[in-house]
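*Asks:* Dropping a structure here in structure tokens format, bear with me for questions.
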Amino acid sequence: MLRVAPWVAALAILAPTAARAQFGAMALPINTTLVISKPSPMQIYDGQTIVTLGLGATEYKFLLNDAYVDHPRIRWPDIWEQVRTHRPNFVLQGPHSDEIEHLAPGEMVTVKAMFAPLDRTFEIVFTEPGQGPFEPKTHY
């Protein structure tokens, strides 16, 4: 029989252990920004990236003009790789979700949201017409 010193047994029992497996790199909501535009009814996509946003039972298709993530380790391609095979790609929530419904064809909007990777929830924080901070300056 193997004998263990009492202090070693106490250290093994009382020492804090890390439970990093419970919170993966993409478990918490992530600040995500999409710059999208609504395509015209007869528009040919010609290789452009299409993102689908689900609101209730309705699915909306938009052209993805730009996307970025405010996170030190996670990048947009990581998120896109996770959601690209799902329909819809993102499930909309939040008080500004109805603004997405009322976009006119050709209209562009910047959507700031919190993306929850576990269920693909995209909770819209605010929307801004155009390309947001990346809009070309008209006055210098």
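In the structure tokens, chains take the letters A, B, ... in the order shown, each chain's residues start at 1, and ligands count up from 1 in the order shown.
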Got a sec: who's within 10 Å of Ser40 (chain A), counting only C-alpha atoms, leaving out chain neighbours fewer than 5 positions off, as a list in words?
*Replies:*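 Returned residues: Tyr45, Phe62, Ala104, Pro105, Gly106 and Glu107 of chain A.
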*Asks:* Generate a file of the selected residues that holds N, CA, C and O atoms, formatted as a short mmCIF file (atom, residue, chain, number, x, y, z; two decimals), in the first residue's frame.
*Replies:*
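The resulting file, out38.cif, is reproduced below:
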data_model
loop_
_atom_site.label_atom_id
_atom_site.label_comp_id
_atom_site.auth_asym_id
_atom_site.auth_seq_id
_atom_site.Cartn_x
_atom_site.Cartn_y
_atom_site.Cartn_z
N TYR A 45 -25.60 38.04 -57.19
CA TYR A 45 -24.66 38.12 -56.08
C TYR A 45 -23.21 38.00 -56.53
O TYR A 45 -22.33 38.58 -55.93
N PHE A 62 -28.81 39.37 -46.66
CA PHE A 62 -28.10 40.63 -46.85
C PHE A 62 -26.73 40.36 -47.44
O PHE A 62 -26.15 39.30 -47.23
N ALA A 104 -34.53 49.32 -47.09
CA ALA A 104 -34.90 49.36 -48.50
C ALA A 104 -33.81 48.69 -49.33
O ALA A 104 -32.64 48.68 -48.92
N PRO A 105 -34.13 48.13 -50.49
CA PRO A 105 -33.11 47.53 -51.34
C PRO A 105 -32.01 48.54 -51.68
O PRO A 105 -32.29 49.70 -52.01
N GLY A 106 -30.76 48.11 -51.55
CA GLY A 106 -29.62 48.96 -51.81
C GLY A 106 -29.16 49.76 -50.60
O GLY A 106 -28.07 50.34 -50.61
N GLU A 107 -29.94 49.80 -49.56
CA GLU A 107 -29.60 50.56 -48.36
C GLU A 107 -28.57 49.78 -47.52
O GLU A 107 -28.67 48.58 -47.35
#
*Asks:* Can you pull out the residues contacting region 91-98 of chain A? Cut-off 8 Å, using only C-alpha atoms, and skip same-chain residues under 5 positions away; I want them as a ChimeraX atom specification.
*Replies:* /A:53-55,120-127
*Asks:* Atoms to include: N, CA, C and O atoms. Write the selected residues as an mmCIF file, in the first residue's frame.
*Replies:*
data_model
loop_
_atom_site.group_PDB
_atom_site.id
_atom_site.type_symbol
_atom_site.label_atom_id
_atom_site.label_comp_id
_atom_site.auth_asym_id
_atom_site.auth_seq_id
_atom_site.Cartn_x
_atom_site.Cartn_y
_atom_site.Cartn_z
ATOM 1 N N LEU A 53 -30.107 36.548 -41.640
ATOM 2 C CA LEU A 53 -30.497 36.937 -40.289
ATOM 3 C C LEU A 53 -31.934 36.491 -40.071
ATOM 4 O O LEU A 53 -32.812 36.821 -40.864
ATOM 5 N N GLY A 54 -32.156 35.743 -39.018
ATOM 6 C CA GLY A 54 -33.497 35.255 -38.719
ATOM 7 C C GLY A 54 -34.147 36.102 -37.651
ATOM 8 O O GLY A 54 -33.548 36.402 -36.623
ATOM 9 N N LEU A 55 -35.381 36.503 -37.920
ATOM 10 C CA LEU A 55 -36.159 37.280 -36.953
ATOM 11 C C LEU A 55 -37.513 36.602 -36.852
ATOM 12 O O LEU A 55 -38.331 36.699 -37.769
ATOM 13 N N ARG A 120 -26.088 31.042 -31.498
ATOM 14 C CA ARG A 120 -26.011 31.963 -32.651
ATOM 15 C C ARG A 120 -26.914 33.182 -32.482
ATOM 16 O O ARG A 120 -27.343 33.789 -33.456
ATOM 17 N N THR A 121 -27.208 33.565 -31.242
ATOM 18 C CA THR A 121 -28.031 34.747 -30.985
ATOM 19 C C THR A 121 -27.221 35.991 -31.299
ATOM 20 O O THR A 121 -26.065 36.112 -30.918
ATOM 21 N N PHE A 122 -27.847 36.923 -31.984
ATOM 22 C CA PHE A 122 -27.216 38.173 -32.395
ATOM 23 C C PHE A 122 -28.070 39.299 -31.824
ATOM 24 O O PHE A 122 -29.050 39.709 -32.441
ATOM 25 N N GLU A 123 -27.726 39.757 -30.614
ATOM 26 C CA GLU A 123 -28.516 40.784 -29.936
ATOM 27 C C GLU A 123 -28.024 42.164 -30.353
ATOM 28 O O GLU A 123 -26.920 42.581 -30.009
ATOM 29 N N ILE A 124 -28.853 42.872 -31.107
ATOM 30 C CA ILE A 124 -28.472 44.166 -31.670
ATOM 31 C C ILE A 124 -28.459 45.226 -30.578
ATOM 32 O O ILE A 124 -29.434 45.414 -29.860
ATOM 33 N N VAL A 125 -27.323 45.914 -30.470
ATOM 34 C CA VAL A 125 -27.160 46.988 -29.502
ATOM 35 C C VAL A 125 -27.591 48.310 -30.134
ATOM 36 O O VAL A 125 -28.350 49.068 -29.552
ATOM 37 N N PHE A 126 -27.080 48.601 -31.344
ATOM 38 C CA PHE A 126 -27.536 49.774 -32.087
ATOM 39 C C PHE A 126 -27.213 49.604 -33.564
ATOM 40 O O PHE A 126 -26.388 48.788 -33.944
ATOM 41 N N THR A 127 -27.915 50.377 -34.382
ATOM 42 C CA THR A 127 -27.671 50.389 -35.821
ATOM 43 C C THR A 127 -27.345 51.815 -36.240
ATOM 44 O O THR A 127 -27.758 52.780 -35.601
#
*Asks:* Which residue out of A:Met42, A:Ile79, A:Ile30, A:Ile100 has the minimum interatomic distance to Thr58 (chain A) when only C-alpha atoms are used?
*Replies:*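 Once distances to Thr58 (chain A) are computed over only C-alpha atoms, the minimum belongs to A:Ile100.
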*Asks:* Which residue out of A:Arg84, A:Ile50, A:Val69, A:Pro29 has the minimum interatomic distance to Pro117 (chain A) when only C-alpha atoms are used?
*Replies:*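 Checking each of A:Arg84, A:Ile50, A:Val69, A:Pro29 against Pro117 (chain A), counting only C-alpha atoms, the winner is A:Pro29.
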*Asks:* Can you pull out the residues contacting Asn65 (chain A)? Cut-off 12 Å, using only C-alpha atoms, and skip same-chain residues under 6 positions away; I want them as a list in words.
*Replies:*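 These residues fall inside the cut-off: Thr33, Leu34, Val35, Ile36, Ser37, Lys38, Pro39, Gln48, Thr49, Ile50, Val51, Gly106, Glu107, Met108, Val109, Thr110, Val111, Gly130, Gln131, Gly132 and Phe134 of chain A.
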*Asks:* Would you mind exporting C-alpha atoms of the selected residues as a short mmCIF file (atom, residue, chain, number, x, y, z; two decimals), in the first residue's frame?
*Replies:*
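Contents of out-v7.cif, freshly written:
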data_model
loop_
_atom_site.label_atom_id
_atom_site.label_comp_id
_atom_site.auth_asym_id
_atom_site.auth_seq_id
_atom_site.Cartn_x
_atom_site.Cartn_y
_atom_site.Cartn_z
CA THR A 33 -20.11 44.58 -36.05
CA LEU A 34 -21.62 43.83 -39.46
CA VAL A 35 -21.88 46.26 -42.35
CA ILE A 36 -24.69 44.86 -44.47
CA SER A 37 -26.80 46.01 -47.38
CA LYS A 38 -30.11 44.71 -48.64
CA PRO A 39 -29.85 43.35 -52.18
CA GLN A 48 -20.39 38.16 -52.75
CA THR A 49 -20.85 36.86 -49.22
CA ILE A 50 -24.49 36.53 -48.20
CA VAL A 51 -25.41 36.58 -44.51
CA GLY A 106 -29.62 48.96 -51.81
CA GLU A 107 -29.60 50.56 -48.36
CA MET A 108 -26.52 49.91 -46.21
CA VAL A 109 -26.46 49.76 -42.40
CA THR A 110 -23.85 49.12 -39.70
CA VAL A 111 -25.12 46.77 -37.01
CA GLY A 130 -24.15 53.62 -43.94
CA GLN A 131 -20.72 52.22 -43.15
CA GLY A 132 -20.56 53.73 -39.68
CA PHE A 134 -15.66 53.58 -42.02
#
*Asks:* To one decimal place, how far is CA of Ile44 (chain A) from CA of Leu63 (chain A) in Å?
*Replies:*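 CA of Leu63 (chain A) lies at a distance of 10.9 Å from CA of Ile44 (chain A).
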*Asks:* Output as a CSV table (one decimal) with all heavy atoms, in the first residue's frame all residues of region 20-82 of chain A that backbone DSSP marks as helix (DSSP H, G or I).
*Replies:*
chain,number,residue,atom,x,y,z
A,20,ARG,N,-11.1,25.5,-17.1
A,20,ARG,CA,-11.1,26.3,-18.3
A,20,ARG,C,-12.0,25.6,-19.4
A,20,ARG,O,-12.4,26.2,-20.3
A,20,ARG,CB,-9.7,26.5,-18.8
A,20,ARG,CG,-8.9,27.4,-18.0
A,20,ARG,CD,-7.5,27.7,-18.6
A,20,ARG,NE,-6.7,28.5,-17.7
A,20,ARG,CZ,-6.0,28.1,-16.7
A,20,ARG,NH1,-5.8,26.8,-16.5
A,20,ARG,NH2,-5.3,28.9,-16.0
A,21,ALA,N,-12.2,24.3,-19.3
A,21,ALA,CA,-12.9,23.6,-20.3
A,21,ALA,C,-14.4,24.0,-20.3
A,21,ALA,O,-15.1,23.9,-21.3
A,21,ALA,CB,-12.8,22.1,-20.1
A,22,GLN,N,-14.9,24.6,-19.2
A,22,GLN,CA,-16.3,25.0,-19.1
A,22,GLN,C,-16.5,26.3,-19.9
A,22,GLN,O,-17.6,26.5,-20.4
A,22,GLN,CB,-16.7,25.2,-17.7
A,22,GLN,CG,-16.7,23.9,-16.9
A,22,GLN,CD,-17.0,24.2,-15.4
A,22,GLN,OE1,-17.2,25.3,-15.0
A,22,GLN,NE2,-17.0,23.1,-14.6
A,76,TRP,N,-13.2,37.7,-37.0
A,76,TRP,CA,-14.4,37.5,-37.8
A,76,TRP,C,-14.4,36.1,-38.5
A,76,TRP,O,-15.4,35.4,-38.5
A,76,TRP,CB,-14.6,38.6,-38.8
A,76,TRP,CG,-15.7,38.2,-39.7
A,76,TRP,CD1,-15.6,38.0,-41.1
A,76,TRP,CD2,-17.1,38.0,-39.5
A,76,TRP,NE1,-16.8,37.6,-41.6
A,76,TRP,CE2,-17.7,37.7,-40.6
A,76,TRP,CE3,-17.9,38.1,-38.3
A,76,TRP,CZ2,-19.1,37.4,-40.7
A,76,TRP,CZ3,-19.2,37.9,-38.4
A,76,TRP,CH2,-19.8,37.5,-39.6
A,77,PRO,N,-13.3,35.7,-39.1
A,77,PRO,CA,-13.3,34.4,-39.8
A,77,PRO,C,-13.6,33.2,-38.8
A,77,PRO,O,-14.2,32.2,-39.3
A,77,PRO,CB,-11.9,34.2,-40.3
A,77,PRO,CG,-11.4,35.6,-40.5
A,77,PRO,CD,-12.0,36.4,-39.4
A,78,ASP,N,-13.3,33.3,-37.6
A,78,ASP,CA,-13.6,32.3,-36.6
A,78,ASP,C,-15.1,32.2,-36.4
A,78,ASP,O,-15.7,31.1,-36.4
A,78,ASP,CB,-13.0,32.6,-35.2
A,78,ASP,CG,-11.5,32.7,-35.3
A,78,ASP,OD1,-10.9,32.0,-36.1
A,78,ASP,OD2,-10.9,33.4,-34.5
A,79,ILE,N,-15.8,33.4,-36.3
A,79,ILE,CA,-17.2,33.4,-36.1
A,79,ILE,C,-17.9,32.9,-37.4
A,79,ILE,O,-18.8,32.1,-37.4
A,79,ILE,CB,-17.7,34.8,-35.7
A,79,ILE,CG1,-17.2,35.1,-34.3
A,79,ILE,CG2,-19.2,34.9,-35.8
A,79,ILE,CD1,-17.5,36.5,-33.8
A,80,TRP,N,-17.4,33.4,-38.6
A,80,TRP,CA,-18.1,33.0,-39.8
A,80,TRP,C,-17.9,31.5,-40.1
A,80,TRP,O,-18.9,30.9,-40.5
A,80,TRP,CB,-17.4,33.8,-41.0
A,80,TRP,CG,-18.1,33.5,-42.3
A,80,TRP,CD1,-17.5,32.9,-43.4
A,80,TRP,CD2,-19.5,33.7,-42.6
A,80,TRP,NE1,-18.5,32.8,-44.4
A,80,TRP,CE2,-19.7,33.3,-44.0
A,80,TRP,CE3,-20.5,34.3,-42.0
A,80,TRP,CZ2,-20.9,33.3,-44.6
A,80,TRP,CZ3,-21.8,34.4,-42.6
A,80,TRP,CH2,-21.9,33.9,-43.9
A,81,GLU,N,-16.8,30.9,-39.7
A,81,GLU,CA,-16.6,29.5,-39.8
A,81,GLU,C,-17.7,28.7,-39.0
A,81,GLU,O,-18.1,27.7,-39.4
A,81,GLU,CB,-15.2,29.1,-39.4
A,81,GLU,CG,-14.9,27.6,-39.7
A,81,GLU,CD,-14.9,27.3,-41.2
A,81,GLU,OE1,-14.6,28.1,-42.0
A,81,GLU,OE2,-15.2,26.1,-41.5
A,82,GLN,N,-18.0,29.3,-37.9
A,82,GLN,CA,-19.0,28.6,-37.0
A,82,GLN,C,-20.4,28.7,-37.5
A,82,GLN,O,-21.2,27.8,-37.4
A,82,GLN,CB,-18.9,29.2,-35.6
A,82,GLN,CG,-19.8,28.5,-34.6
A,82,GLN,CD,-19.8,29.1,-33.2
A,82,GLN,OE1,-19.2,30.1,-33.0
A,82,GLN,NE2,-20.5,28.4,-32.3
*Asks:* How far is it from CA of Ala67 (chain A) to CA of Thr138 (chain A), in Å with one decimal?
*Replies:*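 Atom-to-atom, CA of Ala67 (chain A) and CA of Thr138 (chain A) are spaced 22.7 Å apart.
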*Asks:* Counting only C-alpha atoms, which residue out of A:Val83, A:Glu59, A:Pro129, A:Gln43 sits closest to Glu101 (chain A)?
*Replies:* A:Glu59
*Asks:* Taking the DSSP secondary structure from the backbone, can you list the residues of region 16-126 of chain A that are strand (DSSP E), as a ChimeraX atom specification?
*Replies:* /A:30-37,50-55,58-69,90-93,108-116,121-126
*Asks:* Create the file for the chosen residues now, containing C-alpha atoms and written as a compact mmCIF listing (two decimals), in the first residue's frame.
*Replies:*
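The file below, result-v3.txt, is the result:
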# COMPACT_ATOMS: atom_id res chain seq x y z
CA ILE A 30 -18.72 38.80 -28.34
CA ASN A 31 -18.96 42.40 -29.61
CA THR A 32 -19.48 42.00 -33.34
CA THR A 33 -20.11 44.58 -36.05
CA LEU A 34 -21.62 43.83 -39.46
CA VAL A 35 -21.88 46.26 -42.35
CA ILE A 36 -24.69 44.86 -44.47
CA SER A 37 -26.80 46.01 -47.38
CA ILE A 50 -24.49 36.53 -48.20
CA VAL A 51 -25.41 36.58 -44.51
CA THR A 52 -28.85 35.42 -43.35
CA LEU A 53 -30.50 36.94 -40.29
CA GLY A 54 -33.50 35.25 -38.72
CA LEU A 55 -36.16 37.28 -36.95
CA THR A 58 -38.71 35.14 -41.16
CA GLU A 59 -35.24 34.87 -42.70
CA TYR A 60 -33.61 37.93 -44.32
CA LYS A 61 -30.68 37.85 -46.75
CA PHE A 62 -28.10 40.63 -46.85
CA LEU A 63 -24.86 41.29 -48.65
CA LEU A 64 -21.97 41.34 -46.20
CA ASN A 65 -19.85 44.41 -46.97
CA ASP A 66 -17.61 44.25 -43.89
CA ALA A 67 -17.44 42.55 -40.50
CA TYR A 68 -15.18 42.79 -37.51
CA VAL A 69 -14.99 41.65 -33.90
CA PHE A 90 -27.64 34.59 -36.92
CA VAL A 91 -30.83 34.72 -34.83
CA LEU A 92 -31.77 38.35 -34.15
CA GLN A 93 -32.87 39.70 -30.80
CA MET A 108 -26.52 49.91 -46.21
CA VAL A 109 -26.46 49.76 -42.40
CA THR A 110 -23.85 49.12 -39.70
CA VAL A 111 -25.12 46.77 -37.01
CA LYS A 112 -23.36 46.58 -33.63
CA ALA A 113 -24.39 43.51 -31.66
CA MET A 114 -23.46 40.95 -29.05
CA PHE A 115 -23.01 37.52 -30.63
CA ALA A 116 -23.64 34.48 -28.40
CA THR A 121 -28.03 34.75 -30.99
CA PHE A 122 -27.22 38.17 -32.40
CA GLU A 123 -28.52 40.78 -29.94
CA ILE A 124 -28.47 44.17 -31.67
CA VAL A 125 -27.16 46.99 -29.50
CA PHE A 126 -27.54 49.77 -32.09
